[in-house]
>>> print(open('structure33.cif').read())   # mmCIF, C-alpha atoms and all ligand atoms
data_entry
loop_
_atom_site.group_PDB
_atom_site.id
_atom_site.type_symbol
_atom_site.label_atom_id
_atom_site.label_comp_id
_atom_site.auth_asym_id
_atom_site.auth_seq_id
_atom_site.Cartn_x
_atom_site.Cartn_y
_atom_site.Cartn_z
ATOM 1 C CA MET A 1 -16.370 11.942 -46.018
ATOM 2 C CA ALA A 2 -16.500 14.503 -43.194
ATOM 3 C CA TRP A 3 -18.990 12.351 -41.279
ATOM 4 C CA GLY A 4 -16.725 9.358 -41.747
ATOM 5 C CA LEU A 5 -13.831 11.269 -40.164
ATOM 6 C CA VAL A 6 -16.015 12.413 -37.274
ATOM 7 C CA ALA A 7 -17.147 8.804 -36.692
ATOM 8 C CA ILE A 8 -13.525 7.548 -36.716
ATOM 9 C CA GLY A 9 -12.519 10.372 -34.353
ATOM 10 C CA LEU A 10 -15.360 9.504 -31.983
ATOM 11 C CA LEU A 11 -14.483 5.824 -32.077
ATOM 12 C CA LEU A 12 -10.840 6.605 -31.306
ATOM 13 C CA LEU A 13 -11.935 8.798 -28.416
ATOM 14 C CA ILE A 14 -14.109 6.018 -26.986
ATOM 15 C CA VAL A 15 -11.300 3.464 -27.324
ATOM 16 C CA LEU A 16 -8.822 5.906 -25.733
ATOM 17 C CA GLY A 17 -11.251 6.686 -22.899
ATOM 18 C CA TYR A 18 -11.909 3.001 -22.277
ATOM 19 C CA TRP A 19 -8.185 2.277 -22.178
ATOM 20 C CA GLN A 20 -7.314 5.194 -19.882
ATOM 21 C CA MET A 21 -10.257 5.066 -17.503
ATOM 22 C CA ILE A 22 -11.319 1.399 -17.427
ATOM 23 C CA VAL A 23 -8.282 -0.755 -18.250
ATOM 24 C CA ALA A 24 -5.535 1.535 -16.885
ATOM 25 C CA GLU A 25 -7.859 2.938 -14.182
ATOM 26 C CA GLY A 26 -6.487 6.454 -14.713
ATOM 27 C CA SER A 27 -2.896 5.361 -14.187
ATOM 28 C CA TYR A 28 -1.467 7.426 -17.086
ATOM 29 C CA LEU A 29 -3.435 10.503 -15.993
ATOM 30 C CA GLY A 30 -1.810 10.697 -12.546
ATOM 31 C CA PRO A 31 -2.562 9.698 -8.924
ATOM 32 C CA ARG A 32 -5.385 12.265 -8.605
ATOM 33 C CA VAL A 33 -7.424 10.534 -11.307
ATOM 34 C CA VAL A 34 -6.633 7.061 -9.894
ATOM 35 C CA THR A 35 -7.691 8.219 -6.443
ATOM 36 C CA PHE A 36 -10.857 9.842 -7.792
ATOM 37 C CA LEU A 37 -11.812 6.551 -9.457
ATOM 38 C CA TYR A 38 -11.136 4.509 -6.307
ATOM 39 C CA ASP A 39 -13.018 6.977 -4.130
ATOM 40 C CA LEU A 40 -15.920 6.497 -6.534
ATOM 41 C CA THR A 41 -15.638 2.687 -6.572
ATOM 42 C CA ALA A 42 -15.008 2.217 -2.845
ATOM 43 C CA PRO A 43 -18.610 1.362 -1.802
ATOM 44 C CA ALA A 44 -18.807 -1.344 -4.495
ATOM 45 C CA TYR A 45 -15.212 -2.634 -4.333
ATOM 46 C CA GLU A 46 -15.819 -5.734 -2.201
ATOM 47 C CA ARG A 47 -18.930 -6.634 -4.206
ATOM 48 C CA ILE A 48 -17.003 -6.331 -7.473
ATOM 49 C CA LYS A 49 -14.032 -8.357 -6.229
ATOM 50 C CA GLN A 50 -16.041 -11.122 -4.503
ATOM 51 C CA PHE A 51 -13.052 -12.246 -2.425
ATOM 52 C CA ASP A 52 -13.313 -15.902 -1.423
ATOM 53 C CA PRO A 53 -12.123 -16.202 2.216
ATOM 54 C CA GLY A 54 -10.651 -19.694 1.662
ATOM 55 C CA TYR A 55 -8.736 -18.549 -1.412
ATOM 56 C CA GLU A 56 -7.476 -15.460 0.429
ATOM 57 C CA GLN A 57 -6.197 -17.658 3.262
ATOM 58 C CA TRP A 58 -4.604 -20.238 0.997
ATOM 59 C CA PHE A 59 -2.698 -17.771 -1.212
ATOM 60 C CA LEU A 60 -2.114 -14.827 1.148
ATOM 61 C CA GLY A 61 -2.776 -15.282 4.880
ATOM 62 C CA LEU A 62 -1.253 -18.729 5.305
ATOM 63 C CA PRO A 63 1.949 -18.405 3.245
ATOM 64 C CA LEU A 64 2.717 -14.924 4.586
ATOM 65 C CA GLY A 65 2.017 -16.051 8.149
ATOM 66 C CA GLN A 66 4.350 -18.997 7.612
ATOM 67 C CA ALA A 67 7.082 -16.793 6.129
ATOM 68 C CA LEU A 68 6.959 -14.724 9.337
ATOM 69 C CA GLU A 69 6.452 -17.544 11.862
ATOM 70 C CA LYS A 70 9.978 -17.304 13.340
ATOM 71 C CA ILE A 71 9.489 -13.638 14.255
ATOM 72 C CA PRO A 72 7.665 -13.293 17.617
ATOM 73 C CA SER A 73 5.894 -10.027 16.816
ATOM 74 C CA PRO A 74 6.263 -9.016 13.175
ATOM 75 C CA LEU A 75 5.423 -5.581 11.824
ATOM 76 C CA VAL A 76 3.912 -5.681 8.314
ATOM 77 C CA LEU A 77 3.232 -2.852 5.866
ATOM 78 C CA ASP A 78 0.542 -3.237 3.190
ATOM 79 C CA VAL A 79 0.927 -0.627 0.445
ATOM 80 C CA GLY A 80 -2.278 0.282 -1.447
ATOM 81 C CA THR A 81 -4.255 -1.614 1.151
ATOM 82 C CA GLY A 82 -7.623 -0.538 -0.289
ATOM 83 C CA THR A 83 -10.406 -2.027 1.824
ATOM 84 C CA GLY A 84 -7.868 -3.949 3.910
ATOM 85 C CA ARG A 85 -7.890 -7.250 2.054
ATOM 86 C CA LEU A 86 -4.321 -8.307 2.959
ATOM 87 C CA PRO A 87 -4.447 -7.114 6.604
ATOM 88 C CA ARG A 88 -7.675 -9.057 7.121
ATOM 89 C CA ALA A 89 -6.255 -12.241 5.562
ATOM 90 C CA LEU A 90 -3.126 -12.032 7.725
ATOM 91 C CA LEU A 91 -4.702 -10.935 11.008
ATOM 92 C CA PHE A 92 -7.198 -13.800 10.678
ATOM 93 C CA GLN A 93 -4.280 -16.242 11.057
ATOM 94 C CA PRO A 94 -4.153 -17.402 14.714
ATOM 95 C CA ALA A 95 -0.394 -17.955 14.416
ATOM 96 C CA PHE A 96 0.212 -14.343 13.374
ATOM 97 C CA ARG A 97 0.929 -12.319 16.522
ATOM 98 C CA GLY A 98 2.101 -9.141 14.844
ATOM 99 C CA GLN A 99 0.601 -5.885 13.668
ATOM 100 C CA VAL A 100 -0.152 -4.395 10.262
ATOM 101 C CA VAL A 101 0.060 -0.881 8.863
ATOM 102 C CA GLY A 102 -2.063 -0.259 5.752
ATOM 103 C CA ILE A 103 -1.471 2.744 3.527
ATOM 104 C CA ASP A 104 -3.596 4.024 0.645
ATOM 105 C CA LEU A 105 -4.228 7.224 -1.292
ATOM 106 C CA SER A 106 -8.006 6.751 -1.513
ATOM 107 C CA ARG A 107 -9.561 8.032 1.710
ATOM 108 C CA ARG A 108 -12.862 6.319 0.908
ATOM 109 C CA MET A 109 -11.207 2.924 0.419
ATOM 110 C CA LEU A 110 -9.631 3.420 3.860
ATOM 111 C CA ALA A 111 -13.002 4.331 5.378
ATOM 112 C CA HIS A 112 -14.301 0.962 4.180
ATOM 113 C CA ALA A 113 -11.185 -0.776 5.509
ATOM 114 C CA VAL A 114 -12.003 0.702 8.935
ATOM 115 C CA GLN A 115 -15.454 -0.920 8.861
ATOM 116 C CA LEU A 116 -14.401 -4.259 7.424
ATOM 117 C CA ALA A 117 -11.372 -4.740 9.678
ATOM 118 C CA GLN A 118 -13.266 -3.808 12.853
ATOM 119 C CA PRO A 119 -12.397 -7.081 14.680
ATOM 120 C CA TYR A 120 -8.665 -6.373 14.169
ATOM 121 C CA ARG A 121 -8.554 -2.588 14.756
ATOM 122 C CA GLU A 122 -6.250 -2.935 17.792
ATOM 123 C CA ARG A 123 -3.599 -4.462 15.543
ATOM 124 C CA LEU A 124 -4.138 -2.433 12.377
ATOM 125 C CA ALA A 125 -3.100 1.163 11.706
ATOM 126 C CA LEU A 126 -4.455 2.827 8.573
ATOM 127 C CA ILE A 127 -2.658 5.716 6.922
ATOM 128 C CA TRP A 128 -3.822 8.053 4.146
ATOM 129 C CA GLN A 129 -0.759 8.739 2.002
ATOM 130 C CA ASP A 130 0.795 8.254 -1.435
ATOM 131 C CA ALA A 131 2.821 5.063 -1.862
ATOM 132 C CA GLN A 132 5.432 7.052 -3.779
ATOM 133 C CA ASP A 133 6.588 8.673 -0.553
ATOM 134 C CA LEU A 134 6.356 6.187 2.305
ATOM 135 C CA PRO A 135 6.413 8.060 5.644
ATOM 136 C CA PHE A 136 8.560 5.500 7.485
ATOM 137 C CA GLU A 137 12.116 5.043 8.672
ATOM 138 C CA ALA A 138 14.336 2.708 6.634
ATOM 139 C CA ASN A 139 14.518 -0.972 7.682
ATOM 140 C CA SER A 140 11.311 -0.785 9.733
ATOM 141 C CA PHE A 141 9.120 -3.660 8.536
ATOM 142 C CA ASP A 142 9.456 -7.445 8.664
ATOM 143 C CA ALA A 143 7.305 -7.739 5.558
ATOM 144 C CA VAL A 144 6.032 -5.309 2.938
ATOM 145 C CA THR A 145 3.134 -6.307 0.700
ATOM 146 C CA CYS A 146 1.522 -4.596 -2.272
ATOM 147 C CA LEU A 147 -1.292 -6.332 -4.138
ATOM 148 C CA GLU A 148 -2.798 -5.098 -7.415
ATOM 149 C CA VAL A 149 -1.398 -1.580 -7.018
ATOM 150 C CA LEU A 150 1.930 -1.078 -8.815
ATOM 151 C CA GLU A 151 0.426 -0.677 -12.288
ATOM 152 C CA PHE A 152 -1.737 2.218 -11.046
ATOM 153 C CA THR A 153 1.230 4.272 -9.845
ATOM 154 C CA PRO A 154 3.137 6.622 -12.191
ATOM 155 C CA HIS A 155 6.527 5.046 -11.414
ATOM 156 C CA PRO A 156 6.251 1.419 -10.248
ATOM 157 C CA GLN A 157 10.051 1.130 -9.938
ATOM 158 C CA ALA A 158 10.179 4.124 -7.599
ATOM 159 C CA VAL A 159 7.393 2.630 -5.443
ATOM 160 C CA LEU A 160 9.249 -0.692 -5.337
ATOM 161 C CA ARG A 161 12.419 1.159 -4.272
ATOM 162 C CA GLU A 162 10.496 2.850 -1.461
ATOM 163 C CA MET A 163 9.082 -0.492 -0.304
ATOM 164 C CA VAL A 164 12.547 -2.072 -0.245
ATOM 165 C CA ARG A 165 13.905 0.935 1.678
ATOM 166 C CA VAL A 166 11.433 0.489 4.532
ATOM 167 C CA LEU A 167 11.779 -3.327 4.528
ATOM 168 C CA ARG A 168 14.397 -4.594 6.969
ATOM 169 C CA PRO A 169 17.245 -6.824 5.739
ATOM 170 C CA GLY A 170 15.976 -10.409 5.842
ATOM 171 C CA GLY A 171 12.375 -9.125 5.522
ATOM 172 C CA VAL A 172 9.839 -10.513 3.047
ATOM 173 C CA LEU A 173 8.497 -8.593 0.044
ATOM 174 C CA LEU A 174 5.227 -9.793 -1.497
ATOM 175 C CA VAL A 175 4.000 -7.874 -4.547
ATOM 176 C CA THR A 176 1.918 -8.480 -7.653
ATOM 177 C CA ASN A 177 2.855 -7.911 -11.270
ATOM 178 C CA ARG A 178 0.128 -7.471 -13.865
ATOM 179 C CA VAL A 179 0.067 -10.240 -16.474
ATOM 180 C CA GLY A 180 -2.688 -11.635 -18.700
ATOM 181 C CA LYS A 181 -4.580 -10.210 -21.641
ATOM 182 C CA ASP A 182 -4.478 -6.521 -20.625
ATOM 183 C CA ALA A 183 -0.829 -6.363 -19.575
ATOM 184 C CA TRP A 184 0.386 -5.370 -23.051
ATOM 185 C CA VAL A 185 -1.730 -2.179 -22.987
ATOM 186 C CA LEU A 186 -0.063 -1.072 -19.736
ATOM 187 C CA PRO A 187 3.453 -0.141 -20.944
ATOM 188 C CA ARG A 188 5.922 0.778 -18.153
ATOM 189 C CA ARG A 189 3.308 -0.324 -15.568
ATOM 190 C CA ALA A 190 3.204 -4.099 -16.170
ATOM 191 C CA PHE A 191 6.423 -6.043 -16.719
ATOM 192 C CA ALA A 192 7.388 -9.197 -18.589
ATOM 193 C CA ARG A 193 8.220 -11.902 -16.017
ATOM 194 C CA PRO A 194 11.999 -11.942 -16.658
ATOM 195 C CA ASP A 195 12.119 -8.111 -16.532
ATOM 196 C CA PHE A 196 10.255 -7.996 -13.229
ATOM 197 C CA GLU A 197 12.540 -10.621 -11.713
ATOM 198 C CA ALA A 198 15.616 -8.680 -12.923
ATOM 199 C CA LEU A 199 14.168 -5.462 -11.481
ATOM 200 C CA LEU A 200 13.735 -7.014 -8.036
ATOM 201 C CA ARG A 201 17.257 -8.470 -8.076
ATOM 202 C CA GLU A 202 18.634 -5.014 -8.951
ATOM 203 C CA LEU A 203 16.829 -3.714 -5.868
ATOM 204 C CA ASP A 204 18.843 -6.037 -3.621
ATOM 205 C CA LEU A 205 16.244 -8.750 -3.261
ATOM 206 C CA GLU A 206 17.163 -12.409 -3.199
ATOM 207 C CA ASN A 207 15.200 -15.685 -3.382
ATOM 208 C CA VAL A 208 12.883 -14.019 -5.892
ATOM 209 C CA ARG A 209 10.037 -16.405 -6.716
ATOM 210 C CA ILE A 210 7.239 -15.755 -9.203
ATOM 211 C CA GLN A 211 4.014 -17.627 -8.608
ATOM 212 C CA SER A 212 1.058 -17.765 -11.000
ATOM 213 C CA TRP A 213 -1.948 -16.481 -9.072
ATOM 214 C CA GLN A 214 -4.913 -14.964 -10.874
ATOM 215 C CA ALA A 215 -5.583 -14.561 -14.612
ATOM 216 C CA ASP A 216 -4.361 -10.944 -14.362
ATOM 217 C CA TYR A 217 -1.687 -11.158 -11.691
ATOM 218 C CA ASP A 218 1.437 -13.026 -10.615
ATOM 219 C CA LEU A 219 2.355 -13.103 -6.941
ATOM 220 C CA VAL A 220 6.037 -12.285 -6.535
ATOM 221 C CA TRP A 221 8.028 -13.067 -3.379
ATOM 222 C CA GLY A 222 11.509 -11.878 -2.428
ATOM 223 C CA VAL A 223 13.744 -11.393 0.605
ATOM 224 C CA LYS A 224 15.808 -8.239 1.219
ATOM 225 C CA SER A 225 19.481 -9.131 1.312
ATOM 226 C CA GLY A 226 21.791 -8.151 4.166
ATOM 227 C CA VAL A 227 22.344 -9.084 7.781
ATOM 228 C CA PRO A 228 18.904 -9.253 9.474
ATOM 229 C CA ARG A 229 18.250 -6.216 11.697
ATOM 230 C CA GLY A 230 15.411 -3.842 12.578
ATOM 231 C CA GLY A 231 11.745 -4.807 12.339
ATOM 232 C CA GLY A 232 9.417 -5.961 15.143
ATOM 233 C CA VAL A 233 6.347 -4.209 16.538
ATOM 234 C CA ARG A 234 7.140 -0.738 17.891
ATOM 235 C CA PRO A 235 5.076 2.326 18.713
ATOM 236 C CA LEU A 236 3.970 3.868 15.430
ATOM 237 C CA SER A 237 5.492 7.234 16.380
ATOM 238 C CA GLN A 238 8.931 5.576 16.317
ATOM 239 C CA VAL A 239 8.397 4.055 12.885
ATOM 240 C CA LEU A 240 6.865 7.147 11.243
ATOM 241 C CA ARG A 241 9.025 9.839 9.686
ATOM 242 C CA CYS A 242 7.881 13.251 8.528
ATOM 243 C CA PRO A 243 7.347 13.123 4.744
ATOM 244 C CA ALA A 244 8.273 16.820 4.478
ATOM 245 C CA CYS A 245 11.602 16.943 6.355
ATOM 246 C CA HIS A 246 12.248 13.221 7.065
ATOM 247 C CA HIS A 247 12.497 13.763 10.812
ATOM 248 C CA ASN A 248 11.930 10.688 12.983
ATOM 249 C CA PRO A 249 10.252 9.988 15.384
ATOM 250 C CA LEU A 250 6.862 11.712 15.031
ATOM 251 C CA PRO A 251 5.382 12.182 18.515
ATOM 252 C CA SER A 252 1.628 11.880 18.930
ATOM 253 C CA ASP A 253 -0.835 13.432 21.374
ATOM 254 C CA GLY A 254 -3.565 11.008 20.303
ATOM 255 C CA THR A 255 -5.224 13.521 17.968
ATOM 256 C CA ALA A 256 -2.256 14.116 15.638
ATOM 257 C CA PHE A 257 1.337 13.147 14.897
ATOM 258 C CA THR A 258 3.462 16.298 14.880
ATOM 259 C CA CYS A 259 6.952 16.832 13.536
ATOM 260 C CA PRO A 260 9.091 18.585 16.156
ATOM 261 C CA ARG A 261 11.475 19.833 13.441
ATOM 262 C CA CYS A 262 9.189 21.379 10.780
ATOM 263 C CA ALA A 263 5.983 21.680 12.888
ATOM 264 C CA LEU A 264 3.818 19.913 10.343
ATOM 265 C CA SER A 265 0.992 18.081 12.031
ATOM 266 C CA TYR A 266 -0.748 14.992 10.670
ATOM 267 C CA PRO A 267 -4.241 14.532 12.147
ATOM 268 C CA VAL A 268 -5.800 11.313 13.360
ATOM 269 C CA ALA A 269 -9.370 11.370 11.983
ATOM 270 C CA PRO A 270 -12.354 10.353 14.145
ATOM 271 C CA ASP A 271 -12.363 6.927 12.435
ATOM 272 C CA GLY A 272 -8.712 6.440 13.460
ATOM 273 C CA VAL A 273 -7.150 6.911 10.016
ATOM 274 C CA ILE A 274 -3.874 8.863 10.200
ATOM 275 C CA GLU A 275 -4.126 11.551 7.555
ATOM 276 C CA ILE A 276 -0.540 12.088 6.466
ATOM 277 C CA ALA A 277 -1.874 13.373 3.112
ATOM 278 C CA ARG A 278 -3.581 16.280 4.942
ATOM 279 C CA PRO A 279 -0.894 18.036 6.983
ATOM 280 C CA SER A 280 -1.388 21.344 8.756
ATOM 281 C CA HIS A 281 1.012 23.672 10.544
ATOM 282 C CA LYS A 282 1.139 23.702 14.340
ATOM 283 C CA SER A 283 2.297 26.876 16.023
ATOM 284 C CA VAL A 284 5.419 26.711 18.181
ATOM 285 C CA LEU A 285 3.204 27.375 21.232
ATOM 286 C CA GLU A 286 0.886 24.469 20.408
ATOM 287 C CA GLN A 287 3.920 22.269 19.903
ATOM 288 C CA ARG A 288 5.325 23.123 23.340
ATOM 289 C CA GLU A 289 1.989 22.331 24.929
ATOM 290 C CA GLN A 290 1.622 18.990 23.160
ATOM 291 C CA PRO A 291 1.894 16.114 25.610
ATOM 292 C CA THR A 292 3.531 13.077 24.026
ATOM 293 C CA ILE A 293 1.910 9.739 24.697
ATOM 294 C CA PRO A 294 4.107 7.219 26.483
ATOM 295 C CA ALA A 295 5.454 4.538 24.121
ATOM 296 C CA GLU A 296 3.254 1.746 25.499
ATOM 297 C CA GLU A 297 0.003 3.668 24.936
ATOM 298 C CA SER A 298 0.827 4.832 21.428
ATOM 299 C CA ARG A 299 1.271 1.364 20.045
ATOM 300 C CA ILE A 300 -0.900 0.636 16.986
HETATM 301 C C1 LIG B 1 -7.012 -2.695 -7.128
HETATM 302 S S1 LIG B 1 -6.946 -1.838 -5.620
HETATM 303 C C2 LIG B 1 -6.082 -3.034 -4.614
HETATM 304 C C3 LIG B 1 -6.427 -2.909 -3.164
HETATM 305 C C4 LIG B 1 -5.916 -4.050 -2.298
HETATM 306 N N1 LIG B 1 -4.482 -4.111 -2.298
HETATM 307 C C5 LIG B 1 -6.520 -5.363 -2.766
HETATM 308 O O1 LIG B 1 -5.774 -6.231 -3.198
HETATM 309 O O2 LIG B 1 -7.742 -5.482 -2.677
HETATM 310 C C6 LIG B 1 -5.691 -0.607 -5.875
HETATM 311 C C7 LIG B 1 -5.488 0.293 -4.668
HETATM 312 O O3 LIG B 1 -4.292 1.035 -4.850
HETATM 313 C C8 LIG B 1 -4.508 2.333 -4.355
HETATM 314 N N2 LIG B 1 -3.514 3.226 -4.957
HETATM 315 C C9 LIG B 1 -3.377 3.548 -6.257
HETATM 316 N N3 LIG B 1 -2.358 4.409 -6.416
HETATM 317 C C10 LIG B 1 -1.848 4.633 -5.180
HETATM 318 C C11 LIG B 1 -0.787 5.429 -4.683
HETATM 319 N N4 LIG B 1 -0.025 6.186 -5.493
HETATM 320 N N5 LIG B 1 -0.549 5.427 -3.363
HETATM 321 C C12 LIG B 1 -1.299 4.667 -2.508
HETATM 322 N N6 LIG B 1 -2.322 3.902 -2.931
HETATM 323 C C13 LIG B 1 -2.591 3.876 -4.245
HETATM 324 C C14 LIG B 1 -5.931 2.633 -4.757
HETATM 325 O O4 LIG B 1 -6.472 3.718 -4.029
HETATM 326 C C15 LIG B 1 -6.604 1.300 -4.468
HETATM 327 O O5 LIG B 1 -7.089 1.235 -3.161
#
>>> encode(input="structure33.cif", output="structure tokens", more="lines below")
Ligand SMILES: C[S@@+](CC[C@H](N)C(=O)[O-])C[C@H]1O[C@@H](n2cnc3c(N)ncnc32)[C@H](O)[C@@H]1O
Amino acid sequence: MAWGLVAIGLLLLIVLGYWQMIVAEGSYLGPRVVTFLYDLTAPAYERIKQFDPGYEQWFLGLPLGQALEKIPSPLVLDVGTGTGRLPRALLFQPAFRGQVVGIDLSRRMLAHAVQLAQPYRERLALIWQDAQDLPFEANSFDAVTCLEVLEFTPHPQAVLREMVRVLRPGGVLLVTNRVGKDAWVLPRRAFARPDFEALLRELDLENVRIQSWQADYDLVWGVKSGVPRGGGVRPLSQVLRCPACHHNPLPSDGTAFTCPRCALSYPVAPDGVIEIARPSHKSVLEQREQPTIPAEESRI
């Protein structure tokens, strides 16, 4: 009897562990666990995913490029960029003349993005930061994308709200919603199609269109309502805002972006990744001495 109970307990533990760590990828245990798992997986991520370049172009690069074709120099944000899949698909498009900012909480995924996106580094900025607190001014981006990420964040609605905040009116939102056989075991992370559509409409998005994509994901498009304004490529220091005190702009001396109001400094790592998730304090003296880079030079 006792052994039977132990066996059932063990089985439950294995099922629970499999659900939490494999299916939900640590999502219900918090961003630290999710990040730990992605840091661990980073070297194998591209091998596991086996992205097909033609498929990536057909479903991502081409349609997004077309959605932005009327904007001479669009600025795009990719949230949870991982190894830079979306930036690579978009920057590969000859018609796309803009720039991309990719943000992720796994530093190792970003390190791989640096390597894989080498041909596009001039037009791609990579930022280490949590998607729950986007370090950008409102209405900054012409498009905001987020592929296969929302279900791994503790509050997908809050992340969506952040993405809509930084998207300019008239800008394009492209996100995924988890569907398929595992979606039912991801409560409050994956949404039924009508619920997801309603959620986006509540967030002031129009022309919401849900497109079947992969077995596990829908692609969902929307446009932020309002009179078009903002957007366009600008120096990153003008788009960034301090996550601690919300001051904008964040001047850069090439080695760090420093907040003139609260003196927090966000280093630029040797591989070029801007480490917003690793702030340090700059003394008032250091701040006074900091030369700010002219706007032209500090472009992405
Ligand atoms: C399945 S991968 C998707 C990566 C990429 N978008 C793609 O389609 O290949 C999920 C990514 O979301 C990132 N992520 C998870 N939670 C995050 C958070 N709170 N903030 C930023 N990134 C997060 C992970 O580090 C990981 O790189």
>>> residues_around(input="structure33.cif", residues="segment 144-156 of chain A", least_positions_apart="3", cutoff="6 Å", atoms="all atoms listed in the file", output="number ranges by chain")
A: 27, 76-80, 159, 173-176, 189-190
>>> atom_distance(input="structure33.cif", atom1="atom CA of Arg234 of chain A", atom2="atom CA of Val100 of chain A")
11.2 Å
>>> closest_residue(input="structure33.cif", among="A:Gly17, A:Pro63, A:Pro87, A:Gly170", to="Leu29 of chain A", atoms="all atoms listed in the file")
A:Gly17
>>> residues_around(input="structure33.cif", residues="Ile103 of chain A", least_positions_apart="2", cutoff="9 Å", atoms="only C-alpha atoms", output="ChimeraX atom specification")
/A:77-82,101,105,110,125-131,134
>>> write_last_selection(input="structure33.cif", atoms="C-alpha atoms", output="tab-separated table (two decimals), in the frame of the given file")
chain	number	residue	atom	x	y	z
A	77	LEU	CA	3.23	-2.85	5.87
A	78	ASP	CA	0.54	-3.24	3.19
A	79	VAL	CA	0.93	-0.63	0.44
A	80	GLY	CA	-2.28	0.28	-1.45
A	81	THR	CA	-4.26	-1.61	1.15
A	82	GLY	CA	-7.62	-0.54	-0.29
A	101	VAL	CA	0.06	-0.88	8.86
A	105	LEU	CA	-4.23	7.22	-1.29
A	110	LEU	CA	-9.63	3.42	3.86
A	125	ALA	CA	-3.10	1.16	11.71
A	126	LEU	CA	-4.46	2.83	8.57
A	127	ILE	CA	-2.66	5.72	6.92
A	128	TRP	CA	-3.82	8.05	4.15
A	129	GLN	CA	-0.76	8.74	2.00
A	130	ASP	CA	0.80	8.25	-1.44
A	131	ALA	CA	2.82	5.06	-1.86
A	134	LEU	CA	6.36	6.19	2.31
>>> closest_residue(input="structure33.cif", among="A:Val185, A:Cys259, A:Ala198, A:Val33", to="ligand LIG 1 (chain B)", atoms="all atoms listed in the file")
A:Val33
>>> resolve_selection(input="structure33.cif", expression="the PyMOL selection byres (((chain A and resi 223) around 7) and not hetatm)", output="ChimeraX atom specification")
/A:170-173,205-207,222,224-225
>>> resolve_selection(input="structure33.cif", expression="the PyMOL selection byres (((chain A and resi 135) around 9) and not hetatm)", output="list in words")
Gln129, Ala131, Asp133, Leu134, Phe136, Glu137, Val239, Leu240, Arg241, Cys242, Pro243, His246 and Ile276 of chain A
>>> axis_aligned_box(input="structure33.cif", around="ligand LIG 1 (chain B)", padding_each_side="8 Å", output="JSON")
{"center_x": -3.9, "center_y": 0.0, "center_z": -4.7, "size_x": 23.7, "size_y": 28.4, "size_z": 20.8}
>>> residues_near_point(input="structure33.cif", point="(-17.7, 5.0, -3.0)", cutoff="12 Å", atoms="only C-alpha atoms", output="mmCIF file with C-alpha atoms, in the coordinates of the input")
data_model
loop_
_atom_site.group_PDB
_atom_site.id
_atom_site.type_symbol
_atom_site.label_atom_id
_atom_site.label_comp_id
_atom_site.auth_asym_id
_atom_site.auth_seq_id
_atom_site.Cartn_x
_atom_site.Cartn_y
_atom_site.Cartn_z
ATOM 1 C CA THR A 35 -7.691 8.219 -6.443
ATOM 2 C CA PHE A 36 -10.857 9.842 -7.792
ATOM 3 C CA LEU A 37 -11.812 6.551 -9.457
ATOM 4 C CA TYR A 38 -11.136 4.509 -6.307
ATOM 5 C CA ASP A 39 -13.018 6.977 -4.130
ATOM 6 C CA LEU A 40 -15.920 6.497 -6.534
ATOM 7 C CA THR A 41 -15.638 2.687 -6.572
ATOM 8 C CA ALA A 42 -15.008 2.217 -2.845
ATOM 9 C CA PRO A 43 -18.610 1.362 -1.802
ATOM 10 C CA ALA A 44 -18.807 -1.344 -4.495
ATOM 11 C CA TYR A 45 -15.212 -2.634 -4.333
ATOM 12 C CA GLU A 46 -15.819 -5.734 -2.201
ATOM 13 C CA ARG A 47 -18.930 -6.634 -4.206
ATOM 14 C CA GLY A 82 -7.623 -0.538 -0.289
ATOM 15 C CA THR A 83 -10.406 -2.027 1.824
ATOM 16 C CA SER A 106 -8.006 6.751 -1.513
ATOM 17 C CA ARG A 107 -9.561 8.032 1.710
ATOM 18 C CA ARG A 108 -12.862 6.319 0.908
ATOM 19 C CA MET A 109 -11.207 2.924 0.419
ATOM 20 C CA LEU A 110 -9.631 3.420 3.860
ATOM 21 C CA ALA A 111 -13.002 4.331 5.378
ATOM 22 C CA HIS A 112 -14.301 0.962 4.180
#
>>> atom_distance(input="structure33.cif", atom1="atom CA of Pro270 of chain A", atom2="atom CA of Pro74 of chain A")
26.9 Å
>>> residues_around(input="structure33.cif", residues="Arg193 of chain A", least_positions_apart="2", cutoff="10 Å", atoms="only C-alpha atoms", output="PyMOL selection string")
chain A and resi 177-179+190-191+195-199+210+218+220
>>> resolve_selection(input="structure33.cif", expression="the PyMOL selection byres (((chain A and resi 68-71) around 12) and not hetatm)", output="PyMOL selection string")
chain A and resi 61-67+72-76+90+93-99+141-144+170-173+223+228-233
>>> closest_residue(input="structure33.cif", among="A:Ser252, A:Gln20, A:Gln132, A:Gln57", to="ligand LIG 1 (chain B)", atoms="all atoms listed in the file")
A:Gln132
>>> atom_distance(input="structure33.cif", atom1="atom CA of Asp104 of chain A", atom2="atom N4 of ligand LIG 1 (chain B)")
7.4 Å
>>> decode(input="structure33.cif", residues="segment 73-77 of chain A", atoms="N, CA and C atoms", output="compact mmCIF listing (two decimals), in the first residue's frame")
# COMPACT_ATOMS: atom_id res chain seq x y z
N SER A 73 12.10 54.47 -43.82
CA SER A 73 13.15 53.92 -42.96
C SER A 73 12.52 53.44 -41.64
N PRO A 74 11.86 52.29 -41.68
CA PRO A 74 11.11 51.89 -40.49
C PRO A 74 11.99 51.40 -39.34
N LEU A 75 11.52 51.63 -38.14
CA LEU A 75 12.20 51.13 -36.95
C LEU A 75 11.32 50.02 -36.36
N VAL A 76 11.92 48.82 -36.20
CA VAL A 76 11.15 47.64 -35.78
C VAL A 76 11.71 47.11 -34.46
N LEU A 77 10.82 46.72 -33.56
CA LEU A 77 11.25 46.10 -32.30
C LEU A 77 10.82 44.64 -32.30
